[in-house]
Each structure stands twice: as C-alpha cells, then as structure tokens.
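Trainee: Quick one: this structure, given as structure tokens, is what I'll be asking you about.
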Amino acid sequence: TFSAPVFAFAITLLMVPLEVPRTFDELFEVFKGFLSFACCFGILFMIWNSQNLYFRRYGLNNAYVTSLNAMLLFVVLMYVYPLKFLFMALFSDGHYNDHGHIGVMITDQQQPTLMYVYHSGYAAIYLLFCLMHVHAKKRAAEIKLSAGELFETDTFILLNVLNASLGILGILIVLLAPIKYKGSSGFIYMAIPFLYSFLFAYRGKKSRKRFGHNITEKAS
C-alpha cells in the first residue's frame with residue numbers, strides 16, 4: 001500500500017520540471033524531455049513490476065523484508081533526478097536550452113561522478129532484490145514453495161545477481177577507463193537483453209529436463 005504511492009511520486013518528480021514551451025527551441029527541448037521521461041518511466045516500471053511480483057509470489061511481510069523494501073524505495077526516490085539528468089544529457093548531447101541560451105549540462109571531468117552514482121544505484125537496487133529472493137528461499141518451508149517455485153526463485157536470484165554485477169562492472173569501467181570513455185560506461189546495459197535471453201534459455205533447458213516443461217517462461 002505504501003510502495004505504490006512512492007513509485008507514483010517518483011514518476012511525478014520526473015514530470016514536474018516540464019513547462020509549457022514559449023518558443024520552438026523550447027518545444028524541441030520538451031520533446032527531448034519526453035524521450036528521457038519514457039526511458040526513466042520504463043526503468044521505474046521494471047523495478048515496480050519486480051517488487052510487485054515478489055510480494056504477490058511470496059506474500060512475505062516480516063521485519064526483514066519490510067526493511068529491505070524500505071531501502072529499495074529510498075534508493076528509487078534518491079535516484080529519480082540523477083536518472084532523469086542522465087537521459088536528458090544523453091538525448092541532448094550534453095547541452096540544454098534555457099530561453100535560447102545553450103549551456104553545457106555536464107563536463108568530461110564531471111561524467112565519472114555521475115556514472116559512479118548511476119552504477120551504484122543500479123547495483124544497490126538489484127542487490128536488494130537478490131537479498132529479498134534469498135530470504136524467500138530460506139523461508140521456503142514456511143511459505144510452502146513447491147520444487148518448481150524453488151527453481152523459479154533460484155532463477156530470479158541469478159537474474160538479480162547478473163543485474164547487480166552489471167552495476168559493479170560499470171563502476172570498474174569508470175574506475176579504470178580513460179576519462180573520455182568513462183561516460184560511455186552506461187552502454188554496458190545494452191547487454192541486458194542478451195543476458196536475459198541466455199539466462200532464461202539456460203534455465204528453461206534445465207527446467208524441461210527436470211520438470212518436463214519450462215516453468216521459467218512466466219518469469220521471462
């Protein structure tokens with residue numbers, strides 16, 4: 001009940017800065033804002049969907065899960081503006097239009113800090129999801145998980161580990177890469193569709209061998 005308004009508030013924060021354009025240049029900036037909003041909305045929706053599925057699937061509501069969920073919501077709210085700033089900078093080539101004045105949104109020297117923030121937030125979110133699923137596995141007997149549901153839980157644990165590892169890899173790239181490439185570290189997330197396809201294909205094969213059908217299809 002508390003989580004849904006938090007995600008709604010986060011989406012509202014994404015839209016608040018948008019104003020009615022007074023010139024064509026400002027209108028063009030608004031369209032850039034829509035693109036960044038769409039990307040941010042998509043990311044927030046995936047996080048909300050993962051959280052929603054978790055509570056519907058396991059129904060856990062103890063102090064440990066509540067604490068992890070509170071930390072998750074805190075991270076989501078903290079990263080709303082950094083996330084929007086990142087995509088606005090990406091779609092505007094690092095420039096903004098303030099009533100006809102073109103300014104630089106971020107310098108090359110500032111990009112590493114922004115990417116550290118972004119990668120850390122991404123890793124933190126999926127580490128929290130991983131801990132939540134590990135906890136559900138530990139409570140398998142209490143919540144009466146079947147063998148298939150345990151297999152599905154293991155799949156989600158692996159999925160969250162992969163996502164958290166991408167965030168950690170991004171931090172390492174920013175740390176080790178030359179400064180002109182540090183800002184490009186975010187492109188590692190383009191690997192997500194391939195990692196998801198590989199993981200669900202692998203787990204699906206194991207599922208068919210063990211259970212006679214692919215129980216991971218609904219997870220993917």
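Ligands are numbered from 1 in the order shown, chains are lettered A, B, ... in the order of the structure tokens, and residues start at 1 in each chain.
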Residues near Thr113 of chain A, anyone? I mean within 12 Å using only C-alpha atoms, not counting same-chain ones fewer than 3 positions away, as a PyMOL selection string.
Mentor: chain A and resi 82+86+106-110+116-120+171+174-175+179+182-183+185
Trainee: Take the residues that were just selected and, keeping N, CA and C atoms, output them as a CSV table (one decimal), in the first residue's frame.
Mentor:
chain,number,residue,atom,x,y,z
A,82,PRO,N,18.9,12.1,-10.6
A,82,PRO,CA,20.1,11.6,-11.4
A,82,PRO,C,19.8,10.8,-12.6
A,86,LEU,N,20.7,12.0,-16.4
A,86,LEU,CA,21.5,11.2,-17.3
A,86,LEU,C,20.9,11.0,-18.6
A,106,ILE,N,27.0,19.0,-18.5
A,106,ILE,CA,28.0,18.2,-17.7
A,106,ILE,C,29.3,18.2,-18.5
A,107,THR,N,30.4,18.4,-17.8
A,107,THR,CA,31.7,18.4,-18.4
A,107,THR,C,32.3,17.0,-18.4
A,108,ASP,N,33.4,16.8,-19.1
A,108,ASP,CA,34.0,15.5,-19.1
A,108,ASP,C,34.5,15.1,-17.8
A,109,GLN,N,35.0,16.1,-17.0
A,109,GLN,CA,35.5,15.8,-15.6
A,109,GLN,C,34.4,15.4,-14.7
A,110,GLN,N,33.2,15.8,-14.9
A,110,GLN,CA,32.0,15.5,-14.1
A,110,GLN,C,31.4,14.2,-14.4
A,116,TYR,N,29.4,7.0,-11.6
A,116,TYR,CA,29.5,6.3,-10.3
A,116,TYR,C,28.2,6.2,-9.6
A,117,VAL,N,27.5,7.3,-9.5
A,117,VAL,CA,26.2,7.4,-8.9
A,117,VAL,C,25.2,6.5,-9.5
A,118,TYR,N,25.1,6.5,-10.8
A,118,TYR,CA,24.1,5.7,-11.6
A,118,TYR,C,24.4,4.2,-11.4
A,119,HIS,N,25.7,3.8,-11.6
A,119,HIS,CA,26.0,2.4,-11.5
A,119,HIS,C,25.8,1.9,-10.0
A,120,SER,N,26.1,2.7,-9.0
A,120,SER,CA,25.9,2.3,-7.7
A,120,SER,C,24.5,2.1,-7.3
A,171,ILE,N,31.0,0.4,-12.5
A,171,ILE,CA,31.9,1.1,-11.6
A,171,ILE,C,33.3,0.8,-11.9
A,174,VAL,N,34.4,2.7,-15.1
A,174,VAL,CA,34.6,4.1,-14.8
A,174,VAL,C,35.9,4.3,-14.0
A,175,LEU,N,36.3,3.4,-13.1
A,175,LEU,CA,37.5,3.5,-12.4
A,175,LEU,C,38.7,3.3,-13.2
A,179,ILE,N,39.5,8.9,-19.2
A,179,ILE,CA,38.4,9.8,-18.9
A,179,ILE,C,37.4,10.0,-20.0
A,182,LYS,N,34.8,7.2,-19.8
A,182,LYS,CA,34.1,6.9,-18.6
A,182,LYS,C,32.6,7.1,-18.7
A,183,GLY,N,32.2,8.2,-19.4
A,183,GLY,CA,30.8,8.5,-19.6
A,183,GLY,C,30.1,7.5,-20.5
A,185,SER,N,30.4,4.3,-20.1
A,185,SER,CA,30.3,3.0,-19.4
A,185,SER,C,28.8,2.6,-19.3
Trainee: Can you tell me, as a compact mmCIF listing (two decimals) with N, CA, C and O atoms, in the first residue's frame, which residues in segment 14-165 of chain A count as strand (DSSP E) by DSSP?
Mentor:
# COMPACT_ATOMS: atom_id res chain seq x y z
N HIS A 95 23.87 19.12 -23.70
CA HIS A 95 23.58 20.55 -23.73
C HIS A 95 22.11 20.81 -23.37
O HIS A 95 21.26 19.93 -23.52
N TYR A 96 21.82 22.00 -22.88
CA TYR A 96 20.45 22.39 -22.57
C TYR A 96 20.18 23.76 -23.16
O TYR A 96 21.10 24.54 -23.44
N ASN A 97 18.87 24.04 -23.38
CA ASN A 97 18.44 25.31 -23.96
C ASN A 97 17.63 26.07 -22.92
O ASN A 97 16.53 25.66 -22.57
N ASP A 98 18.17 27.16 -22.41
CA ASP A 98 17.48 27.97 -21.42
C ASP A 98 17.10 29.31 -22.05
O ASP A 98 17.88 30.25 -22.06
N HIS A 101 19.49 30.34 -24.67
CA HIS A 101 20.89 30.23 -24.26
C HIS A 101 21.28 28.75 -24.17
O HIS A 101 20.67 27.98 -23.43
N ILE A 102 22.29 28.36 -24.93
CA ILE A 102 22.76 26.98 -24.94
C ILE A 102 23.86 26.82 -23.90
O ILE A 102 24.86 27.55 -23.93
N GLY A 103 23.66 25.92 -22.98
CA GLY A 103 24.64 25.67 -21.93
C GLY A 103 25.07 24.21 -21.90
O GLY A 103 24.43 23.34 -22.49
N VAL A 104 26.14 23.96 -21.21
CA VAL A 104 26.68 22.60 -21.08
C VAL A 104 26.12 21.98 -19.80
O VAL A 104 26.25 22.55 -18.72
Trainee: Could you name the residues that touch Phe211 of chain A at 12 Å or less, counting only C-alpha atoms, but leaving out those on the same chain fewer than 5 positions away, as a PDB file with C-alpha atoms, in the first residue's frame?
Mentor:
ATOM      1  CA  SER A 146       6.993 -26.279  -4.432  1.00  0.00           C
ATOM      2  CA  ALA A 147      10.070 -27.675  -6.199  1.00  0.00           C
ATOM      3  CA  GLY A 148       9.118 -25.700  -9.290  1.00  0.00           C
ATOM      4  CA  GLU A 149       8.690 -22.482  -7.298  1.00  0.00           C
ATOM      5  CA  PHE A 151      13.603 -23.464  -9.132  1.00  0.00           C
ATOM      6  CA  GLU A 152      11.931 -20.231 -10.243  1.00  0.00           C
ATOM      7  CA  ARG A 203      17.247 -22.214 -17.051  1.00  0.00           C
ATOM      8  CA  GLY A 204      14.440 -23.214 -19.400  1.00  0.00           C
ATOM      9  CA  LYS A 205      16.525 -26.112 -20.687  1.00  0.00           C
ATOM     10  CA  LYS A 206      17.227 -27.267 -17.129  1.00  0.00           C
ATOM     11  CA  THR A 216      10.649 -20.064 -16.316  1.00  0.00           C
TER      12      THR A 216
END
Trainee: Find the residues around Ser67 of chain A up to 12 Å (only C-alpha atoms counted), leave out those fewer than 5 positions away in its own chain, and share them as an MDAnalysis selection string.
Mentor: chainID A and resid 60:62 72:74 128:129 131:132
Trainee: Which is closer to Phe156 of chain A than all the others in A:Arg210, A:Lys144, A:Lys138, A:His133, using only C-alpha atoms?
Mentor: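 Among the listed residues, A:His133 lies closest to Phe156 of chain A.
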Trainee: Which of these residues is nearest to Ser207 of chain A, using only C-alpha atoms: A:Thr155, A:Asn69, A:Gln51, A:Asn163?
Mentor: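 Closest candidate: A:Thr155.
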Trainee: Taking 6 positions as the minimum chain separation for residues in the same chain, which residues sit within 12 Å of Met46 of chain A when counting only C-alpha atoms? Answer as a PyMOL selection string.
Mentor: chain A and resi 7+39-40+52-53+76+125-126
Trainee: Using atom CA of Phe85 of chain A and atom CA of Gly186 of chain A as the two end points, give the distance in Å to one decimal.
Mentor: 13.4 Å
Trainee: Which of these, A:Ser197, A:Gln111, A:Ser36, A:Ser184, has the shortest distance to Tyr81 of chain A once you count only C-alpha atoms?
Mentor: A:Ser36
Trainee: Determine which residues of segment 16-218 of chain A receive a DSSP assignment of helix (DSSP H, G or I), computed from the backbone, and state them as number ranges by chain.
Mentor: A: 24-58, 63-78, 80-91, 111-138, 147-176, 179-211
Trainee: Residues within 9 Å of Thr153 of chain A, please, as a list in words. Count only C-alpha atoms; anything in the same chain fewer than 6 positions from it doesn't count.
Mentor: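 Near neighbours after the sequence-gap exclusion: His133, Val134, Ala136 and Lys137 of chain A.
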Trainee: Restricted to N, CA, C and O atoms, what would the selected residues look like written as a JSON list (two decimals), in the first residue's frame?
Mentor:
[["chain", "number", "residue", "atom", "x", "y", "z"],
["A", 133, "HIS", "N", 14.94, -12.26, -2.47],
["A", 133, "HIS", "CA", 14.66, -13.59, -3.00],
["A", 133, "HIS", "C", 15.42, -14.67, -2.23],
["A", 133, "HIS", "O", 14.89, -15.79, -2.05],
["A", 134, "VAL", "N", 16.61, -14.38, -1.78],
["A", 134, "VAL", "CA", 17.35, -15.33, -0.95],
["A", 134, "VAL", "C", 16.57, -15.60, 0.34],
["A", 134, "VAL", "O", 16.49, -16.74, 0.81],
["A", 136, "ALA", "N", 13.34, -15.34, 0.71],
["A", 136, "ALA", "CA", 12.17, -16.15, 0.36],
["A", 136, "ALA", "C", 12.56, -17.62, 0.24],
["A", 136, "ALA", "O", 11.81, -18.51, 0.67],
["A", 137, "LYS", "N", 13.73, -17.88, -0.33],
["A", 137, "LYS", "CA", 14.19, -19.27, -0.45],
["A", 137, "LYS", "C", 14.42, -19.89, 0.93],
["A", 137, "LYS", "O", 14.10, -21.06, 1.15]]
Trainee: Counting only C-alpha atoms, which of A:Ile168, A:Leu159, A:Leu195, A:Phe200 gets nearest to Ser50 of chain A?
Mentor: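 Distance minimum relative to Ser50 of chain A lands on A:Leu159.
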